[in-house]
Structures are given as C-alpha cells and as structure tokens.
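Novice: Next comes model.txt, compact mmCIF, N, CA and C atoms and all ligand atoms:
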# COMPACT_ATOMS: atom_id res chain seq x y z
N ILE A 802 3.58 19.18 -7.19
CA ILE A 802 4.05 17.80 -6.98
C ILE A 802 3.06 17.05 -6.08
N GLU A 803 2.84 15.77 -6.34
CA GLU A 803 1.80 15.01 -5.67
C GLU A 803 2.41 14.04 -4.65
N GLN A 804 1.61 13.72 -3.62
CA GLN A 804 2.03 12.71 -2.65
C GLN A 804 0.97 11.62 -2.56
N THR A 805 1.41 10.40 -2.28
CA THR A 805 0.47 9.29 -2.11
C THR A 805 0.93 8.41 -0.96
N PHE A 806 -0.01 7.59 -0.47
CA PHE A 806 0.28 6.72 0.66
C PHE A 806 0.49 5.29 0.18
N SER A 807 1.51 4.64 0.70
CA SER A 807 1.86 3.28 0.29
C SER A 807 2.08 2.41 1.51
N ILE A 808 1.66 1.15 1.41
CA ILE A 808 1.98 0.16 2.45
C ILE A 808 2.63 -1.06 1.78
N ILE A 809 3.77 -1.49 2.31
CA ILE A 809 4.31 -2.80 1.97
C ILE A 809 3.69 -3.76 2.98
N LYS A 810 2.86 -4.68 2.46
CA LYS A 810 2.03 -5.54 3.31
C LYS A 810 2.85 -6.68 3.94
N PRO A 811 2.28 -7.33 4.99
CA PRO A 811 3.03 -8.36 5.74
C PRO A 811 3.63 -9.47 4.88
N ASN A 812 2.94 -9.90 3.82
CA ASN A 812 3.50 -11.02 3.02
C ASN A 812 4.77 -10.59 2.29
N ALA A 813 4.81 -9.35 1.81
CA ALA A 813 6.01 -8.87 1.12
C ALA A 813 7.14 -8.60 2.12
N MET A 814 6.77 -8.18 3.34
CA MET A 814 7.78 -7.98 4.39
C MET A 814 8.47 -9.31 4.71
N LYS A 815 7.69 -10.40 4.74
CA LYS A 815 8.25 -11.73 5.04
C LYS A 815 9.23 -12.18 3.97
N LYS A 816 9.07 -11.65 2.75
CA LYS A 816 9.95 -12.02 1.63
C LYS A 816 11.22 -11.17 1.58
N ASN A 817 11.40 -10.30 2.59
CA ASN A 817 12.56 -9.39 2.58
C ASN A 817 12.60 -8.54 1.32
N ALA A 818 11.45 -8.00 0.95
CA ALA A 818 11.34 -7.31 -0.34
C ALA A 818 11.26 -5.79 -0.22
N ILE A 819 11.50 -5.24 0.96
CA ILE A 819 11.41 -3.78 1.10
C ILE A 819 12.30 -3.09 0.07
N GLY A 820 13.56 -3.54 0.00
CA GLY A 820 14.52 -2.89 -0.90
C GLY A 820 14.12 -3.01 -2.35
N ASP A 821 13.70 -4.21 -2.75
CA ASP A 821 13.30 -4.42 -4.15
C ASP A 821 12.11 -3.53 -4.51
N ILE A 822 11.14 -3.43 -3.60
CA ILE A 822 9.93 -2.65 -3.90
C ILE A 822 10.25 -1.17 -3.94
N ILE A 823 11.02 -0.69 -2.96
CA ILE A 823 11.39 0.73 -2.98
C ILE A 823 12.22 1.06 -4.23
N SER A 824 13.08 0.12 -4.65
CA SER A 824 13.85 0.33 -5.89
C SER A 824 12.93 0.55 -7.09
N MET A 825 11.82 -0.19 -7.13
CA MET A 825 10.88 -0.03 -8.24
C MET A 825 10.23 1.35 -8.20
N PHE A 826 9.89 1.83 -7.01
CA PHE A 826 9.34 3.19 -6.90
C PHE A 826 10.37 4.22 -7.37
N GLU A 827 11.59 4.09 -6.86
CA GLU A 827 12.64 5.06 -7.19
C GLU A 827 12.99 5.03 -8.67
N ALA A 828 13.04 3.83 -9.24
CA ALA A 828 13.39 3.70 -10.67
C ALA A 828 12.34 4.37 -11.55
N ASN A 829 11.11 4.51 -11.00
CA ASN A 829 10.03 5.13 -11.76
C ASN A 829 9.76 6.58 -11.35
N GLY A 830 10.73 7.18 -10.68
CA GLY A 830 10.64 8.62 -10.42
C GLY A 830 9.92 9.02 -9.16
N LEU A 831 9.56 8.06 -8.30
CA LEU A 831 8.94 8.42 -7.03
C LEU A 831 10.01 8.51 -5.95
N LYS A 832 9.84 9.45 -5.04
CA LYS A 832 10.77 9.62 -3.92
C LYS A 832 10.07 9.26 -2.62
N ILE A 833 10.85 8.79 -1.63
CA ILE A 833 10.31 8.43 -0.32
C ILE A 833 10.33 9.68 0.57
N ALA A 834 9.15 10.20 0.88
CA ALA A 834 9.05 11.43 1.67
C ALA A 834 8.84 11.14 3.15
N ALA A 835 8.46 9.89 3.47
CA ALA A 835 8.32 9.43 4.85
C ALA A 835 8.27 7.92 4.81
N ALA A 836 8.80 7.28 5.86
CA ALA A 836 8.77 5.81 5.91
C ALA A 836 8.91 5.33 7.34
N LYS A 837 8.18 4.26 7.66
CA LYS A 837 8.20 3.71 9.01
C LYS A 837 7.84 2.22 8.95
N VAL A 838 8.61 1.39 9.67
CA VAL A 838 8.22 -0.02 9.83
C VAL A 838 7.41 -0.10 11.12
N THR A 839 6.23 -0.71 11.04
CA THR A 839 5.33 -0.71 12.20
C THR A 839 4.39 -1.91 12.12
N ILE A 840 3.67 -2.16 13.19
CA ILE A 840 2.61 -3.17 13.18
C ILE A 840 1.29 -2.45 13.40
N LEU A 841 0.35 -2.65 12.49
CA LEU A 841 -0.94 -1.96 12.59
C LEU A 841 -1.78 -2.58 13.70
N SER A 842 -2.42 -1.73 14.49
CA SER A 842 -3.39 -2.24 15.47
C SER A 842 -4.66 -2.60 14.72
N LYS A 843 -5.48 -3.44 15.35
CA LYS A 843 -6.74 -3.86 14.73
C LYS A 843 -7.61 -2.63 14.46
N SER A 844 -7.68 -1.71 15.42
CA SER A 844 -8.56 -0.55 15.25
C SER A 844 -8.06 0.36 14.12
N LYS A 845 -6.73 0.49 14.01
CA LYS A 845 -6.17 1.32 12.93
C LYS A 845 -6.47 0.69 11.56
N ALA A 846 -6.28 -0.63 11.47
CA ALA A 846 -6.54 -1.32 10.20
C ALA A 846 -8.02 -1.22 9.83
N GLU A 847 -8.90 -1.33 10.81
CA GLU A 847 -10.34 -1.22 10.55
C GLU A 847 -10.71 0.18 10.09
N GLU A 848 -10.08 1.18 10.70
CA GLU A 848 -10.35 2.56 10.30
C GLU A 848 -9.83 2.81 8.89
N PHE A 849 -8.63 2.32 8.62
CA PHE A 849 -8.01 2.48 7.31
C PHE A 849 -8.88 1.89 6.20
N TYR A 850 -9.44 0.69 6.46
CA TYR A 850 -10.22 -0.02 5.45
C TYR A 850 -11.74 0.15 5.65
N ALA A 851 -12.15 1.22 6.33
CA ALA A 851 -13.56 1.44 6.66
C ALA A 851 -14.49 1.29 5.45
N GLU A 852 -14.02 1.72 4.26
CA GLU A 852 -14.88 1.65 3.06
C GLU A 852 -15.22 0.20 2.68
N HIS A 853 -14.45 -0.77 3.20
CA HIS A 853 -14.69 -2.18 2.86
C HIS A 853 -15.41 -2.93 3.98
N LYS A 854 -15.90 -2.19 4.99
CA LYS A 854 -16.52 -2.80 6.19
C LYS A 854 -17.57 -3.86 5.87
N GLU A 855 -18.38 -3.63 4.84
CA GLU A 855 -19.48 -4.54 4.52
C GLU A 855 -19.05 -5.69 3.60
N ARG A 856 -17.82 -5.64 3.09
CA ARG A 856 -17.38 -6.69 2.16
C ARG A 856 -17.14 -7.99 2.92
N PRO A 857 -17.39 -9.14 2.25
CA PRO A 857 -17.26 -10.43 2.95
C PRO A 857 -15.84 -10.73 3.42
N PHE A 858 -14.84 -10.08 2.79
CA PHE A 858 -13.45 -10.40 3.14
C PHE A 858 -12.87 -9.43 4.18
N PHE A 859 -13.72 -8.55 4.76
CA PHE A 859 -13.22 -7.51 5.66
C PHE A 859 -12.43 -8.09 6.85
N GLY A 860 -12.99 -9.12 7.51
CA GLY A 860 -12.33 -9.70 8.67
C GLY A 860 -10.98 -10.30 8.31
N GLU A 861 -10.97 -11.01 7.20
CA GLU A 861 -9.75 -11.63 6.69
C GLU A 861 -8.69 -10.56 6.36
N LEU A 862 -9.16 -9.49 5.74
CA LEU A 862 -8.27 -8.39 5.34
C LEU A 862 -7.62 -7.75 6.57
N VAL A 863 -8.42 -7.45 7.59
CA VAL A 863 -7.90 -6.83 8.81
C VAL A 863 -6.95 -7.79 9.53
N SER A 864 -7.29 -9.07 9.58
CA SER A 864 -6.40 -10.00 10.30
C SER A 864 -5.09 -10.17 9.53
N PHE A 865 -5.14 -10.19 8.21
CA PHE A 865 -3.89 -10.24 7.43
C PHE A 865 -3.04 -8.99 7.64
N MET A 866 -3.65 -7.83 7.58
CA MET A 866 -2.89 -6.58 7.67
C MET A 866 -2.27 -6.33 9.05
N THR A 867 -2.80 -7.06 10.07
CA THR A 867 -2.25 -6.91 11.42
C THR A 867 -1.41 -8.13 11.80
N SER A 868 -1.13 -9.01 10.84
CA SER A 868 -0.46 -10.28 11.14
C SER A 868 1.04 -10.16 11.30
N GLY A 869 1.61 -9.02 10.95
CA GLY A 869 3.05 -8.83 11.06
C GLY A 869 3.41 -7.41 10.67
N PRO A 870 4.71 -7.10 10.72
CA PRO A 870 5.14 -5.74 10.38
C PRO A 870 4.77 -5.35 8.95
N VAL A 871 4.54 -4.07 8.77
CA VAL A 871 4.33 -3.47 7.46
C VAL A 871 5.29 -2.28 7.34
N THR A 872 5.48 -1.79 6.13
CA THR A 872 6.20 -0.52 5.95
C THR A 872 5.20 0.48 5.41
N ILE A 873 5.01 1.59 6.14
CA ILE A 873 4.12 2.64 5.66
C ILE A 873 4.97 3.77 5.11
N MET A 874 4.55 4.32 3.98
CA MET A 874 5.36 5.34 3.31
C MET A 874 4.52 6.44 2.69
N CYS A 875 5.14 7.60 2.56
CA CYS A 875 4.62 8.64 1.68
C CYS A 875 5.53 8.69 0.47
N LEU A 876 4.96 8.49 -0.72
CA LEU A 876 5.71 8.59 -1.98
C LEU A 876 5.38 9.92 -2.62
N GLN A 877 6.41 10.55 -3.15
CA GLN A 877 6.22 11.88 -3.75
C GLN A 877 6.76 11.90 -5.18
N GLY A 878 6.04 12.58 -6.05
CA GLY A 878 6.49 12.72 -7.43
C GLY A 878 5.37 13.22 -8.31
N GLU A 879 5.67 13.42 -9.57
CA GLU A 879 4.65 13.87 -10.51
C GLU A 879 3.62 12.75 -10.69
N ASN A 880 2.34 13.09 -10.58
CA ASN A 880 1.26 12.09 -10.70
C ASN A 880 1.51 10.87 -9.82
N ALA A 881 1.94 11.12 -8.59
CA ALA A 881 2.34 10.02 -7.70
C ALA A 881 1.24 8.98 -7.48
N VAL A 882 -0.01 9.42 -7.36
CA VAL A 882 -1.10 8.48 -7.11
C VAL A 882 -1.22 7.49 -8.25
N ALA A 883 -1.36 7.99 -9.46
CA ALA A 883 -1.55 7.13 -10.64
C ALA A 883 -0.28 6.33 -10.95
N LYS A 884 0.86 6.99 -10.81
CA LYS A 884 2.12 6.31 -11.10
C LYS A 884 2.33 5.12 -10.16
N ASN A 885 2.02 5.34 -8.87
CA ASN A 885 2.17 4.24 -7.90
C ASN A 885 1.23 3.09 -8.25
N ARG A 886 -0.01 3.39 -8.63
CA ARG A 886 -0.97 2.33 -8.98
C ARG A 886 -0.46 1.53 -10.19
N GLU A 887 0.19 2.25 -11.10
CA GLU A 887 0.75 1.59 -12.29
C GLU A 887 1.89 0.64 -11.91
N ILE A 888 2.78 1.11 -11.03
CA ILE A 888 3.92 0.31 -10.59
C ILE A 888 3.43 -0.92 -9.81
N MET A 889 2.34 -0.74 -9.03
CA MET A 889 1.79 -1.82 -8.23
C MET A 889 1.17 -2.92 -9.08
N GLY A 890 0.43 -2.55 -10.12
CA GLY A 890 -0.31 -3.52 -10.93
C GLY A 890 -1.69 -3.80 -10.35
N ALA A 891 -2.45 -4.65 -11.04
CA ALA A 891 -3.84 -4.94 -10.66
C ALA A 891 -3.92 -5.58 -9.28
N THR A 892 -5.08 -5.37 -8.62
CA THR A 892 -5.32 -5.88 -7.27
C THR A 892 -5.02 -7.38 -7.16
N ASP A 893 -5.49 -8.15 -8.16
CA ASP A 893 -5.25 -9.59 -8.18
C ASP A 893 -3.93 -9.88 -8.88
N PRO A 894 -2.94 -10.40 -8.15
CA PRO A 894 -1.61 -10.64 -8.74
C PRO A 894 -1.65 -11.46 -10.04
N LYS A 895 -2.66 -12.34 -10.16
CA LYS A 895 -2.78 -13.14 -11.39
C LYS A 895 -3.09 -12.26 -12.60
N LYS A 896 -3.72 -11.11 -12.35
CA LYS A 896 -4.10 -10.20 -13.44
C LYS A 896 -3.13 -9.04 -13.57
N ALA A 897 -2.16 -8.95 -12.68
CA ALA A 897 -1.22 -7.83 -12.69
C ALA A 897 -0.22 -7.98 -13.83
N ALA A 898 0.07 -6.88 -14.51
CA ALA A 898 0.99 -6.90 -15.65
C ALA A 898 2.37 -7.37 -15.20
N VAL A 899 3.04 -8.07 -16.11
CA VAL A 899 4.40 -8.56 -15.86
C VAL A 899 5.29 -7.39 -15.45
N GLY A 900 6.12 -7.60 -14.43
CA GLY A 900 7.05 -6.56 -14.01
C GLY A 900 6.51 -5.64 -12.93
N THR A 901 5.21 -5.74 -12.61
CA THR A 901 4.65 -4.91 -11.54
C THR A 901 4.95 -5.54 -10.17
N VAL A 902 4.82 -4.73 -9.12
CA VAL A 902 5.10 -5.21 -7.77
C VAL A 902 4.21 -6.40 -7.42
N ARG A 903 2.91 -6.30 -7.75
CA ARG A 903 2.00 -7.39 -7.37
C ARG A 903 2.27 -8.66 -8.17
N ALA A 904 2.69 -8.53 -9.42
CA ALA A 904 3.04 -9.72 -10.20
C ALA A 904 4.26 -10.39 -9.59
N LYS A 905 5.20 -9.59 -9.11
CA LYS A 905 6.44 -10.15 -8.56
C LYS A 905 6.28 -10.68 -7.14
N PHE A 906 5.56 -9.95 -6.30
CA PHE A 906 5.56 -10.27 -4.86
C PHE A 906 4.19 -10.62 -4.29
N GLY A 907 3.11 -10.50 -5.08
CA GLY A 907 1.78 -10.83 -4.58
C GLY A 907 1.57 -12.34 -4.55
N ASP A 908 0.79 -12.81 -3.57
CA ASP A 908 0.50 -14.24 -3.47
C ASP A 908 -0.92 -14.56 -3.92
N ASN A 909 -1.86 -13.67 -3.60
CA ASN A 909 -3.26 -13.83 -4.01
C ASN A 909 -3.94 -12.47 -3.85
N VAL A 910 -5.25 -12.40 -4.17
CA VAL A 910 -5.94 -11.11 -4.20
C VAL A 910 -5.92 -10.41 -2.83
N GLY A 911 -5.84 -11.18 -1.75
CA GLY A 911 -5.75 -10.58 -0.41
C GLY A 911 -4.32 -10.21 -0.08
N GLU A 912 -3.43 -11.18 -0.22
CA GLU A 912 -2.02 -10.96 0.12
C GLU A 912 -1.29 -10.47 -1.13
N ASN A 913 -1.58 -9.22 -1.48
CA ASN A 913 -1.12 -8.69 -2.76
C ASN A 913 0.04 -7.69 -2.64
N ALA A 914 0.81 -7.84 -1.59
CA ALA A 914 2.13 -7.19 -1.42
C ALA A 914 2.13 -5.69 -1.09
N VAL A 915 1.27 -4.92 -1.72
CA VAL A 915 1.30 -3.47 -1.50
C VAL A 915 -0.10 -2.86 -1.52
N HIS A 916 -0.21 -1.72 -0.86
CA HIS A 916 -1.37 -0.84 -0.97
C HIS A 916 -0.92 0.47 -1.58
N GLY A 917 -1.80 1.09 -2.35
CA GLY A 917 -1.55 2.45 -2.82
C GLY A 917 -2.85 3.21 -2.88
N SER A 918 -2.85 4.46 -2.42
CA SER A 918 -4.07 5.28 -2.45
C SER A 918 -4.65 5.31 -3.86
N ASP A 919 -6.00 5.35 -3.95
CA ASP A 919 -6.64 5.33 -5.27
C ASP A 919 -7.02 6.71 -5.80
N SER A 920 -6.79 7.77 -5.03
CA SER A 920 -7.08 9.14 -5.48
C SER A 920 -6.31 10.10 -4.59
N THR A 921 -6.24 11.37 -5.00
CA THR A 921 -5.53 12.34 -4.16
C THR A 921 -6.30 12.57 -2.86
N ALA A 922 -7.63 12.45 -2.92
CA ALA A 922 -8.43 12.60 -1.70
C ALA A 922 -8.14 11.45 -0.73
N SER A 923 -8.10 10.21 -1.25
CA SER A 923 -7.75 9.07 -0.40
C SER A 923 -6.35 9.23 0.16
N ALA A 924 -5.43 9.69 -0.67
CA ALA A 924 -4.04 9.88 -0.23
C ALA A 924 -3.99 10.83 0.96
N ALA A 925 -4.70 11.93 0.89
CA ALA A 925 -4.70 12.91 1.98
C ALA A 925 -5.27 12.29 3.26
N ARG A 926 -6.37 11.55 3.13
CA ARG A 926 -6.99 10.91 4.30
C ARG A 926 -6.04 9.87 4.91
N GLU A 927 -5.45 9.04 4.05
CA GLU A 927 -4.61 7.94 4.52
C GLU A 927 -3.30 8.46 5.12
N LEU A 928 -2.70 9.46 4.50
CA LEU A 928 -1.45 10.03 5.05
C LEU A 928 -1.72 10.63 6.42
N ALA A 929 -2.85 11.31 6.58
CA ALA A 929 -3.18 11.95 7.87
C ALA A 929 -3.44 10.90 8.95
N LEU A 930 -3.91 9.72 8.52
CA LEU A 930 -4.18 8.63 9.45
C LEU A 930 -2.89 8.05 10.04
N PHE A 931 -1.80 8.11 9.28
CA PHE A 931 -0.57 7.40 9.68
C PHE A 931 0.63 8.29 9.97
N PHE A 932 0.61 9.52 9.52
CA PHE A 932 1.76 10.40 9.74
C PHE A 932 1.33 11.75 10.28
N GLU A 933 2.16 12.29 11.19
CA GLU A 933 2.03 13.68 11.58
C GLU A 933 2.54 14.51 10.41
N LYS A 934 2.04 15.72 10.27
CA LYS A 934 2.47 16.60 9.16
C LYS A 934 3.99 16.75 9.11
N HIS A 935 4.61 16.93 10.29
CA HIS A 935 6.06 17.19 10.32
C HIS A 935 6.89 15.96 9.96
N GLU A 936 6.27 14.79 9.93
CA GLU A 936 7.01 13.56 9.59
C GLU A 936 7.16 13.38 8.07
N ILE A 937 6.43 14.17 7.29
CA ILE A 937 6.50 14.06 5.84
C ILE A 937 7.39 15.17 5.29
N CYS A 938 8.46 14.76 4.60
CA CYS A 938 9.43 15.72 4.08
C CYS A 938 9.06 16.10 2.65
N ASN A 939 9.42 17.30 2.28
CA ASN A 939 9.27 17.71 0.88
C ASN A 939 10.57 17.37 0.17
N VAL A 940 10.62 16.16 -0.47
CA VAL A 940 11.89 15.65 -0.99
C VAL A 940 12.13 16.04 -2.44
P1 LIG B 1001 -5.50 -1.32 -2.24
O1 LIG B 1001 -4.41 -0.55 -2.88
O2 LIG B 1001 -4.98 -2.27 -1.19
O3 LIG B 1001 -6.66 -0.49 -1.76
O4 LIG B 1001 -6.02 -2.29 -3.39
P2 LIG B 1001 -7.03 -1.97 -4.53
O5 LIG B 1001 -7.48 -0.56 -4.50
O6 LIG B 1001 -6.37 -2.49 -5.76
O7 LIG B 1001 -8.22 -2.93 -4.13
P3 LIG B 1001 -9.53 -2.62 -3.24
O8 LIG B 1001 -9.49 -1.24 -2.67
O9 LIG B 1001 -10.70 -3.02 -4.04
O10 LIG B 1001 -9.36 -3.67 -2.08
C1 LIG B 1001 -8.58 -3.35 -0.95
C2 LIG B 1001 -7.81 -4.56 -0.52
O11 LIG B 1001 -8.72 -5.55 -0.08
C3 LIG B 1001 -7.00 -5.26 -1.63
O12 LIG B 1001 -5.73 -4.72 -1.83
C4 LIG B 1001 -6.89 -6.65 -1.08
O13 LIG B 1001 -5.83 -6.76 -0.15
C5 LIG B 1001 -8.20 -6.82 -0.36
N1 LIG B 1001 -9.16 -7.56 -1.18
C6 LIG B 1001 -9.82 -7.15 -2.29
N2 LIG B 1001 -10.61 -8.12 -2.78
C7 LIG B 1001 -10.42 -9.19 -1.96
C8 LIG B 1001 -10.95 -10.51 -1.92
O14 LIG B 1001 -11.77 -10.91 -2.75
N3 LIG B 1001 -10.51 -11.32 -0.90
C9 LIG B 1001 -9.61 -10.91 0.03
N4 LIG B 1001 -9.23 -11.74 1.01
N5 LIG B 1001 -9.11 -9.67 0.04
C10 LIG B 1001 -9.49 -8.83 -0.94
MG MG B 1002 -8.27 0.48 -2.75
Kindly return the structure encoded in the file as structure tokens.

Specialist:
Amino acid sequence: IEQTFSIIKPNAMKKNAIGDIISMFEANGLKIAAAKVTILSKSKAEEFYAEHKERPFFGELVSFMTSGPVTIMCLQGENAVAKNREIMGATDPKKAAVGTVRAKFGDNVGENAVHGSDSTASAARELALFFEKHEICNV
C-alpha cells in the first residue's frame, strides 16, 4: 500500500473546503493516515519547494503558502501518488478536468487549492519534512 503527501493550500482553506476536498479523496479510495492544520514558516515552505528555487514565481509561491493556515496530510491507498494527482487535476485550474479538486477550488496556477507529491520518492521526502514517523498511522 502506498502513501503520499497532500496540502490543502491557503486559498482552499479560506473557502471552508477541507471537508469537501477530503470527501473527494475518501470517495476515491484514499484514507487519511495523518492530518494537521498548521501555518508553514517561511523556511519550511522554502525547503519544501527547494526544487523551484530558481523559478521566477518562487517568492510569490512561498509568500502564498505562508499566507494562512494549510492542512497537511498523509493519504494512503493503492497507487496513492498517482490517484491523488488524478483527483487533484492539472496544475493550472483552467486546464484541470471537470470534477477535479483544482477545477472546483483552484483560483489560478499559483493558488491552485492543493499540493500532491509527484512520485513515491517525493512523497517520502515530503512526509519526512512534515511528520514524525509515529504521527502517520497505517489505516
Ligand atoms: P504541486 O502539487 O503543488 O507540486 O503542483 P504541480 O506538481 O502540479 O506543479 P509544479 O510542481 O510544477 O509547481 C509547484 C507549484 O508551484 C504549483 O502547484 C503552483 O502552486 C506553483 N506554480 C507553478 N507554476 C506557477 C506559475 O507560473 N506562477 C505561480 N505563481 N505559481 C506557480
Ligand atoms: Mg510538483
């Protein structure tokens, strides 16, 4: 069974969409193995998005991700990484398939409602960045 890392971003938190988004994960066979509402520090957000350091939108991305509370989660299920990416939809909400989280709750390519790890290796790195091992349950 696979685990992946998910963030409900500040714009979706402002829409009171935690329940709706988690319902979409659960309806598609993913289980919540860990969850926490928190505010990311600037240094944590920079470390998390280190691969995008040289991109022109890096500063904007970090300031958005630290602008308010987020929900960080571990999702568990068969093919959790790919399944979560499918439920999320394309990075740009305008290009995201109808019925996906980003189509429903994304505002633009930056404020796109959710994050999901893009590989099992990323998932392991990202989960370790935000959760202690004992905080993740085998659900
Ligand atoms: P994540 O699941 O968040 O990693 O999204 P992704 O894998 O679909 O996209 P990518 O890793 O390429 O980009 C990471 C994040 O950077 C995106 O989710 C956006 O929030 C943000 N981002 C990507 N492109 C742009 C852009 O052109 N402008 C802004 N402001 N943000 C962007
Ligand atoms: Mg990515």

Novice: Can you tell me which residues sit at most 9 Å away from ligand MG 1002 (chain B), counting only C-alpha atoms and all ligand atoms, written as an NGL selection string?

Specialist: :A and (850 or 852-853 or 892 or 916-919 or 923)

Novice: Going by DSSP on the backbone, which residues of chain A come out as strand (DSSP E or B)? List them as a PyMOL selection string.

Specialist: chain A and resi 803-809+832-839+871-878+915-917

Novice: Neighbouring residues of stretch 809-826 of chain A were defined as those with any atom within 5 Å, considering all atoms listed in the file; residues of the same chain fewer than 6 positions away were excluded. Please report them as a PyMOL selection string.

Specialist: chain A and resi 870-872+914-915

Novice: Looking at only N, CA and C atoms, which of A:Ser842, A:Ser868, A:Asn829, A:Asn939 is the one that sits closest to A:Lys884?

Specialist: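 Checking each candidate against A:Lys884, we get A:Asn829 as the closest.
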
Novice: What is the distance between atom N of A:Lys934 and atom N of A:Leu841, in Å to one decimal?

Specialist: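 Rounded to one decimal, the two atoms are 18.6 Å apart.
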
Novice: Skip A:Met889 itself and residues of its chain fewer than 3 positions away, then list as a list in words all residues within 6.5 Å of it, counting only N, CA and C atoms.

Specialist: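 The residues satisfying every condition are Lys884, Asn885, Arg886, Thr901, Val902, Arg903 and Ala904 of chain A.
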
Novice: So which one's closest to ligand LIG 1001 (chain B), A:Val838, A:Thr921, A:Glu847, A:Ile808? Using all atoms listed in the file, please.

Specialist: A:Ile808

Novice: Calculated over all atoms listed in the file, which of the candidates A:Val863, A:Met874, A:Leu928, A:Cys938 has the smallest distance to ligand LIG 1001 (chain B)?

Specialist: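 Comparing A:Val863, A:Met874, A:Leu928, A:Cys938 against ligand LIG 1001 (chain B), the winner is A:Val863.
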
Novice: Enter the distance from atom O6 of ligand LIG 1001 (chain B) to atom N of A:Gln804, in Å, rounded to one decimal.

Specialist: 18.2 Å

Novice: Which residues in chain A does DSSP call alpha helix (DSSP H)? List them as an MDAnalysis selection string.

Specialist: chainID A and resid 811:815 819:828 843:849 859:866 881:889 902:906 921:931

Novice: Looking at all atoms listed in the file, which of A:Gly911, A:Pro894, A:Gly878, A:Gly869 is the one that sits closest to ligand LIG 1001 (chain B)?

Specialist: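 The shortest atom-to-atom distance to ligand LIG 1001 (chain B) comes from A:Gly911.
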
Novice: Grab the atom CA of A:Ala881 to atom C6 of ligand LIG 1001 (chain B) distance for me, in Å with one decimal place.

Specialist: 21.7 Å

Novice: When distances are computed from only N, CA and C atoms and all ligand atoms, which of A:Thr805, A:Gln877, A:Asn913, A:Thr839 shows the smallest separation from ligand LIG 1001 (chain B)?

Specialist: A:Asn913

Novice: Could you tell me which of A:Lys843, A:Ala835, A:Arg856, A:Cys875 comes closest to A:Ala925 if we count only C-alpha atoms?

Specialist: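 The closest residue to A:Ala925 is A:Cys875.
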
Novice: At a cut-off of 8 Å, using all atoms listed in the file, what residues contact A:Phe931? Leave out same-chain residues fewer than 4 positions from it and give the result as a PDB file with N, CA and C atoms, in the frame of the given file.

Specialist:
ATOM      1  N   ILE A 873       5.010   1.590   6.140  1.00  0.00           N
ATOM      2  CA  ILE A 873       4.120   2.640   5.660  1.00  0.00           C
ATOM      3  C   ILE A 873       4.970   3.770   5.110  1.00  0.00           C
ATOM      4  N   ARG A 926      -6.370  11.550   3.130  1.00  0.00           N
ATOM      5  CA  ARG A 926      -6.990  10.910   4.300  1.00  0.00           C
ATOM      6  C   ARG A 926      -6.040   9.870   4.910  1.00  0.00           C
ATOM      7  N   GLU A 927      -5.450   9.040   4.050  1.00  0.00           N
ATOM      8  CA  GLU A 927      -4.610   7.940   4.520  1.00  0.00           C
ATOM      9  C   GLU A 927      -3.300   8.460   5.120  1.00  0.00           C
TER      10      GLU A 927
END
